[in-house]
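The structure under discussion appears below in the form of structure tokens.
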Amino acid sequence: MTAAGRVRSSSPPLPSPLAPAGTTPSSWSADPYADALRTGRGPLFLRCAGGRMLPLDVERWCAAADAADHEVLRRCEGPVLDVGCGPGRLVTELSAQGRPALGVDVSEAAVDRTRRLGGRALHRSVFTPLPDEGRWGTALLIDGNVGIGGDPLALLARMSGLLRPGGLLIAETAPVPDTDERLRVRIVRSADASGDTADLDAPGAPFRWARLGAQALLRYAARTGGWHPAGQWASGGRCFVALRSRRGADRVPPPADIPGPAVAGPRDRPPVVPQRPSGDSPLARRTERT
């Protein structure tokens, strides 16, 4: 790491995530990840080439939305698309608030859990066709999902196409602002002291991932020419960046910063079938009180 805090991978650049369809879904559907989401407990790691282990915060993902999450949701506008929704805490909370939201995830276990809690979710990759493309008010890349596909430029281009003109992207970034890594990883449960993995749980195939700090993400956004910076903040030890889409900028002038959540009209609502909430869903509890 340099004095400025930059982190770069020594691996050669990886190809675009648009080419090898199905690589990421098969990896994230591996049993260690599905089992962790079903139990709500880790430990779980991304193992990088060379043996470095990146812990995955399964317990937080499976818990209710925390204060940092609520700050993100407060800033969302219109219908929300949560890319890589995981076990669905953000989609579920938005639904409990009566706000239109849809999660997408390549893990069937993640989608099943989201639906059981009363959220709407699709078992699908962000790089496949999605409902209401070009009409979402806000897209989320939380819990490190700015790394999906291992190609930040390709992911930013895809997110721009999902949002309506002037739409908002909120991404959670690595704590070190200049972190910029391209990785090849696999999901594992545990490691020995040397960093080598026993792999007794037969994890899925390696897949491409990226880690970006705020400065690195803003550099990529500037390279695409398709985004206005719209805010940065930290909450609960986590870091976030908001970007405003330049698409249709002649019709939607970019605001100086993110306003409060907009009220969604009937046309903003995604055409997906509501799921029946289970008894332990925040949405179900709120419905019972009313």
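Chain lettering (A, B, ...) mirrors the order of the structure tokens, residue numbering begins at 1 for each chain separately, and ligand numbering begins at 1 in order of display.
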Practice prompt. Extract the full set of helix (DSSP H, G or I) residues from segment 39-153 of chain A according to DSSP on the backbone, and format it as a ChimeraX atom specification.
Written response: /A:39,58-62,67-75,89-96,108-116,145-150,152-153
Quick one: write out the picked residues with C-alpha atoms as a PDB file, in the first residue's frame?
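So out24.pdb came out as:
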```pdb
ATOM      1  CA  THR A  39     -28.832 -19.731   9.567  1.00  0.00           C
ATOM      2  CA  VAL A  58     -23.380 -12.276   7.492  1.00  0.00           C
ATOM      3  CA  GLU A  59     -24.837 -11.461  10.910  1.00  0.00           C
ATOM      4  CA  ARG A  60     -25.326  -7.789  10.020  1.00  0.00           C
ATOM      5  CA  TRP A  61     -26.759  -8.644   6.602  1.00  0.00           C
ATOM      6  CA  CYS A  62     -29.323 -10.951   8.210  1.00  0.00           C
ATOM      7  CA  ALA A  67     -28.777   3.339  11.700  1.00  0.00           C
ATOM      8  CA  ALA A  68     -26.360   3.477   8.739  1.00  0.00           C
ATOM      9  CA  ASP A  69     -28.883   1.617   6.589  1.00  0.00           C
ATOM     10  CA  HIS A  70     -31.670   4.004   7.588  1.00  0.00           C
ATOM     11  CA  GLU A  71     -29.497   6.951   6.547  1.00  0.00           C
ATOM     12  CA  VAL A  72     -29.147   5.351   3.103  1.00  0.00           C
ATOM     13  CA  LEU A  73     -32.892   4.695   2.842  1.00  0.00           C
ATOM     14  CA  ARG A  74     -33.718   8.252   3.909  1.00  0.00           C
ATOM     15  CA  ARG A  75     -31.815   9.525   0.880  1.00  0.00           C
ATOM     16  CA  ARG A  89     -33.030  -6.191   5.075  1.00  0.00           C
ATOM     17  CA  LEU A  90     -33.170  -3.015   2.964  1.00  0.00           C
ATOM     18  CA  VAL A  91     -35.949  -4.169   0.639  1.00  0.00           C
ATOM     19  CA  THR A  92     -37.933  -5.400   3.630  1.00  0.00           C
ATOM     20  CA  GLU A  93     -37.551  -2.102   5.479  1.00  0.00           C
ATOM     21  CA  LEU A  94     -38.577  -0.087   2.416  1.00  0.00           C
ATOM     22  CA  SER A  95     -41.634  -2.310   1.996  1.00  0.00           C
ATOM     23  CA  ALA A  96     -42.506  -1.832   5.670  1.00  0.00           C
ATOM     24  CA  GLU A 108     -31.632 -18.246  -4.609  1.00  0.00           C
ATOM     25  CA  ALA A 109     -31.297 -18.502  -0.811  1.00  0.00           C
ATOM     26  CA  ALA A 110     -31.032 -14.706  -0.554  1.00  0.00           C
ATOM     27  CA  VAL A 111     -34.112 -14.172  -2.694  1.00  0.00           C
ATOM     28  CA  ASP A 112     -36.096 -16.770  -0.742  1.00  0.00           C
ATOM     29  CA  ARG A 113     -35.241 -15.102   2.573  1.00  0.00           C
ATOM     30  CA  THR A 114     -36.159 -11.654   1.233  1.00  0.00           C
ATOM     31  CA  ARG A 115     -39.527 -12.908   0.085  1.00  0.00           C
ATOM     32  CA  ARG A 116     -40.230 -14.699   3.369  1.00  0.00           C
ATOM     33  CA  ASN A 145     -21.722  -4.725  -4.098  1.00  0.00           C
ATOM     34  CA  VAL A 146     -19.877  -2.011  -5.982  1.00  0.00           C
ATOM     35  CA  GLY A 147     -17.515  -4.946  -6.629  1.00  0.00           C
ATOM     36  CA  ILE A 148     -20.019  -7.023  -8.605  1.00  0.00           C
ATOM     37  CA  GLY A 149     -18.452  -8.431 -11.764  1.00  0.00           C
ATOM     38  CA  GLY A 150     -14.957  -7.129 -10.997  1.00  0.00           C
ATOM     39  CA  PRO A 152     -16.352  -0.980 -12.141  1.00  0.00           C
ATOM     40  CA  LEU A 153     -16.746   0.706 -15.534  1.00  0.00           C
TER      41      LEU A 153
END
```
Item to complete: From a DSSP calculation on the backbone, collect every residue of segment 80-237 of chain A in strand (DSSP E) and output the set as JSON, numbers by chain.
Response: {"A": [80, 81, 82, 83, 101, 102, 103, 104, 105, 121, 122, 123, 136, 137, 138, 139, 140, 141, 163, 164, 165, 166, 167, 168, 169, 170, 171, 172, 173, 180, 181, 182, 183, 184, 185, 186, 187, 188, 207, 208, 209, 210, 211, 212, 227, 228, 229, 230, 231, 232, 233, 234, 235]}
Worksheet item: Restricting the calculation to only C-alpha atoms, which member of A:Leu212, A:Leu122, A:Ala154, A:Leu140 is positioned closest to Thr179 of chain A?
Response: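 Under the stated criterion, the closest residue is A:Leu212.
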Item to complete: For segment 213-217 of chain A, work out the shell of residues within 9 Å, counting only C-alpha atoms and skipping chain neighbours fewer than 4 positions away, then give it as a PyMOL selection string.
Response: chain A and resi 6+146+152+171-180+221-222+232+239-241
Prev. selection, N, CA and C atoms, output as a PDB file, in the first residue's frame:
```pdb
ATOM      1  N   ARG A   6      -3.339   3.681  -1.412  1.00  0.00           N
ATOM      2  CA  ARG A   6      -3.859   2.985  -2.588  1.00  0.00           C
ATOM      3  C   ARG A   6      -3.569   1.503  -2.493  1.00  0.00           C
ATOM      4  N   VAL A 146     -20.549  -2.771  -4.931  1.00  0.00           N
ATOM      5  CA  VAL A 146     -19.877  -2.011  -5.982  1.00  0.00           C
ATOM      6  C   VAL A 146     -18.820  -2.881  -6.667  1.00  0.00           C
ATOM      7  N   PRO A 152     -15.557  -2.144 -12.555  1.00  0.00           N
ATOM      8  CA  PRO A 152     -16.352  -0.980 -12.141  1.00  0.00           C
ATOM      9  C   PRO A 152     -16.947  -0.199 -13.298  1.00  0.00           C
ATOM     10  N   ALA A 171     -23.781   3.909  -3.339  1.00  0.00           N
ATOM     11  CA  ALA A 171     -22.865   2.769  -3.231  1.00  0.00           C
ATOM     12  C   ALA A 171     -22.113   2.838  -1.919  1.00  0.00           C
ATOM     13  N   GLU A 172     -21.926   1.685  -1.293  1.00  0.00           N
ATOM     14  CA  GLU A 172     -21.073   1.590  -0.111  1.00  0.00           C
ATOM     15  C   GLU A 172     -19.663   1.263  -0.566  1.00  0.00           C
ATOM     16  N   THR A 173     -18.681   1.998  -0.048  1.00  0.00           N
ATOM     17  CA  THR A 173     -17.305   1.862  -0.496  1.00  0.00           C
ATOM     18  C   THR A 173     -16.411   1.342   0.628  1.00  0.00           C
ATOM     19  N   ALA A 174     -15.208   0.925   0.246  1.00  0.00           N
ATOM     20  CA  ALA A 174     -14.226   0.459   1.231  1.00  0.00           C
ATOM     21  C   ALA A 174     -13.781   1.621   2.112  1.00  0.00           C
ATOM     22  N   PRO A 175     -13.373   1.349   3.356  1.00  0.00           N
ATOM     23  CA  PRO A 175     -13.005   2.436   4.271  1.00  0.00           C
ATOM     24  C   PRO A 175     -11.817   3.276   3.806  1.00  0.00           C
ATOM     25  N   VAL A 176     -10.805   2.648   3.179  1.00  0.00           N
ATOM     26  CA  VAL A 176      -9.653   3.402   2.674  1.00  0.00           C
ATOM     27  C   VAL A 176     -10.047   4.034   1.340  1.00  0.00           C
ATOM     28  N   PRO A 177     -10.054   5.377   1.248  1.00  0.00           N
ATOM     29  CA  PRO A 177     -10.660   6.044   0.089  1.00  0.00           C
ATOM     30  C   PRO A 177     -10.079   5.649  -1.259  1.00  0.00           C
ATOM     31  N   ASP A 178      -8.764   5.347  -1.309  1.00  0.00           N
ATOM     32  CA  ASP A 178      -8.149   5.081  -2.610  1.00  0.00           C
ATOM     33  C   ASP A 178      -8.010   3.588  -2.907  1.00  0.00           C
ATOM     34  N   THR A 179      -8.681   2.746  -2.143  1.00  0.00           N
ATOM     35  CA  THR A 179      -8.661   1.310  -2.436  1.00  0.00           C
ATOM     36  C   THR A 179      -9.173   1.058  -3.851  1.00  0.00           C
ATOM     37  N   ASP A 180      -8.426   0.293  -4.614  1.00  0.00           N
ATOM     38  CA  ASP A 180      -8.806  -0.013  -5.999  1.00  0.00           C
ATOM     39  C   ASP A 180      -8.223  -1.376  -6.356  1.00  0.00           C
ATOM     40  N   ALA A 221     -16.327   6.895 -12.033  1.00  0.00           N
ATOM     41  CA  ALA A 221     -17.529   7.613 -12.455  1.00  0.00           C
ATOM     42  C   ALA A 221     -17.180   8.755 -13.403  1.00  0.00           C
ATOM     43  N   ALA A 222     -16.079   9.462 -13.129  1.00  0.00           N
ATOM     44  CA  ALA A 222     -15.648  10.546 -14.015  1.00  0.00           C
ATOM     45  C   ALA A 222     -15.221  10.010 -15.375  1.00  0.00           C
ATOM     46  N   GLN A 232     -21.099  12.393  -0.221  1.00  0.00           N
ATOM     47  CA  GLN A 232     -20.330  11.362   0.467  1.00  0.00           C
ATOM     48  C   GLN A 232     -20.616  11.487   1.951  1.00  0.00           C
ATOM     49  N   CYS A 239     -18.772   3.621   4.833  1.00  0.00           N
ATOM     50  CA  CYS A 239     -18.592   4.775   3.952  1.00  0.00           C
ATOM     51  C   CYS A 239     -19.493   4.639   2.721  1.00  0.00           C
ATOM     52  N   PHE A 240     -20.017   5.774   2.270  1.00  0.00           N
ATOM     53  CA  PHE A 240     -20.981   5.772   1.172  1.00  0.00           C
ATOM     54  C   PHE A 240     -20.703   6.919   0.204  1.00  0.00           C
ATOM     55  N   VAL A 241     -21.041   6.668  -1.058  1.00  0.00           N
ATOM     56  CA  VAL A 241     -20.958   7.675  -2.115  1.00  0.00           C
ATOM     57  C   VAL A 241     -22.269   7.664  -2.879  1.00  0.00           C
TER      58      VAL A 241
END
```
Discussion item. I'd like the interatomic distance between atom CA of Gly134 of chain A and atom CA of His228 of chain A, to a tenth of an Å.
Written reply: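 Computing the Euclidean distance for atom CA of Gly134 of chain A and atom CA of His228 of chain A yields 17.3 Å.
Comparing the minimum interatomic distances between Ala49 of chain A and each of A:Gly236, A:Gly248, A:Gly231, A:Pro206, counting only C-alpha atoms, we find that A:Pro206 sits nearest.
The shell of residues at most 8 Å from Leu162 of chain A, with only C-alpha atoms counted and near chain neighbours (fewer than 2 positions) removed, consists of Asp132, Glu133, Gly134, Arg135, Trp136, Ala139, Arg158, Met159, Ser160 and Arg164 of chain A.
Relative to atom CA of Pro100 of chain A, atom CA of Ala34 of chain A is found at 26.3 Å.
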May I have the residues within 6 Å of Cys85 of chain A as an mmCIF file with all heavy atoms, in the first residue's frame, using only C-alpha atoms and disregarding those fewer than 3 positions away in the same chain?
```
data_model
loop_
_atom_site.group_PDB
_atom_site.id
_atom_site.type_symbol
_atom_site.label_atom_id
_atom_site.label_comp_id
_atom_site.auth_asym_id
_atom_site.auth_seq_id
_atom_site.Cartn_x
_atom_site.Cartn_y
_atom_site.Cartn_z
ATOM 1 N N ASP A 82 -32.545 -2.602 -5.371
ATOM 2 C CA ASP A 82 -31.420 -3.007 -4.535
ATOM 3 C C ASP A 82 -30.682 -4.135 -5.248
ATOM 4 O O ASP A 82 -31.156 -5.275 -5.296
ATOM 5 C CB ASP A 82 -31.931 -3.454 -3.166
ATOM 6 C CG ASP A 82 -30.807 -3.762 -2.188
ATOM 7 O OD1 ASP A 82 -29.632 -3.584 -2.558
ATOM 8 O OD2 ASP A 82 -31.104 -4.186 -1.055
ATOM 9 N N GLY A 88 -32.102 -9.352 2.272
ATOM 10 C CA GLY A 88 -33.259 -8.491 2.064
ATOM 11 C C GLY A 88 -33.603 -7.472 3.131
ATOM 12 O O GLY A 88 -34.707 -6.955 3.149
ATOM 13 N N GLY A 103 -35.617 -6.134 -4.925
ATOM 14 C CA GLY A 103 -34.263 -6.636 -4.808
ATOM 15 C C GLY A 103 -33.962 -7.625 -5.917
ATOM 16 O O GLY A 103 -34.859 -8.337 -6.387
ATOM 17 N N VAL A 104 -32.718 -7.671 -6.350
ATOM 18 C CA VAL A 104 -32.262 -8.699 -7.287
ATOM 19 C C VAL A 104 -30.998 -9.309 -6.708
ATOM 20 O O VAL A 104 -30.158 -8.608 -6.134
ATOM 21 C CB VAL A 104 -32.005 -8.146 -8.707
ATOM 22 C CG1 VAL A 104 -33.296 -7.654 -9.324
ATOM 23 C CG2 VAL A 104 -30.962 -7.043 -8.707
ATOM 24 N N ASP A 105 -30.867 -10.618 -6.835
ATOM 25 C CA ASP A 105 -29.696 -11.300 -6.297
ATOM 26 C C ASP A 105 -29.500 -12.602 -7.056
ATOM 27 O O ASP A 105 -30.485 -13.239 -7.472
ATOM 28 C CB ASP A 105 -29.865 -11.582 -4.800
ATOM 29 C CG ASP A 105 -28.525 -11.741 -4.101
ATOM 30 O OD1 ASP A 105 -27.831 -12.752 -4.348
ATOM 31 O OD2 ASP A 105 -28.155 -10.851 -3.320
#
```
Discussion item. For a quick check of understanding, using only C-alpha atoms, which of A:Ala210, A:Val80, A:Leu163, A:Ala65 has the smallest distance to Glu181 of chain A?
Written reply: A:Ala210
Discussion item. So the first atom is atom CA of Val188 of chain A and the second is atom CA of Ile142 of chain A; what is the distance between them in Å, to one decimal place?
Written reply: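 Result for atom CA of Val188 of chain A versus atom CA of Ile142 of chain A: 20.9 Å, one decimal.
Shortest separation to Asp57 of chain A among A:Leu243, A:Arg124, A:Ile170, A:Gly144 occurs at residue A:Gly144, atoms counted being only C-alpha atoms.
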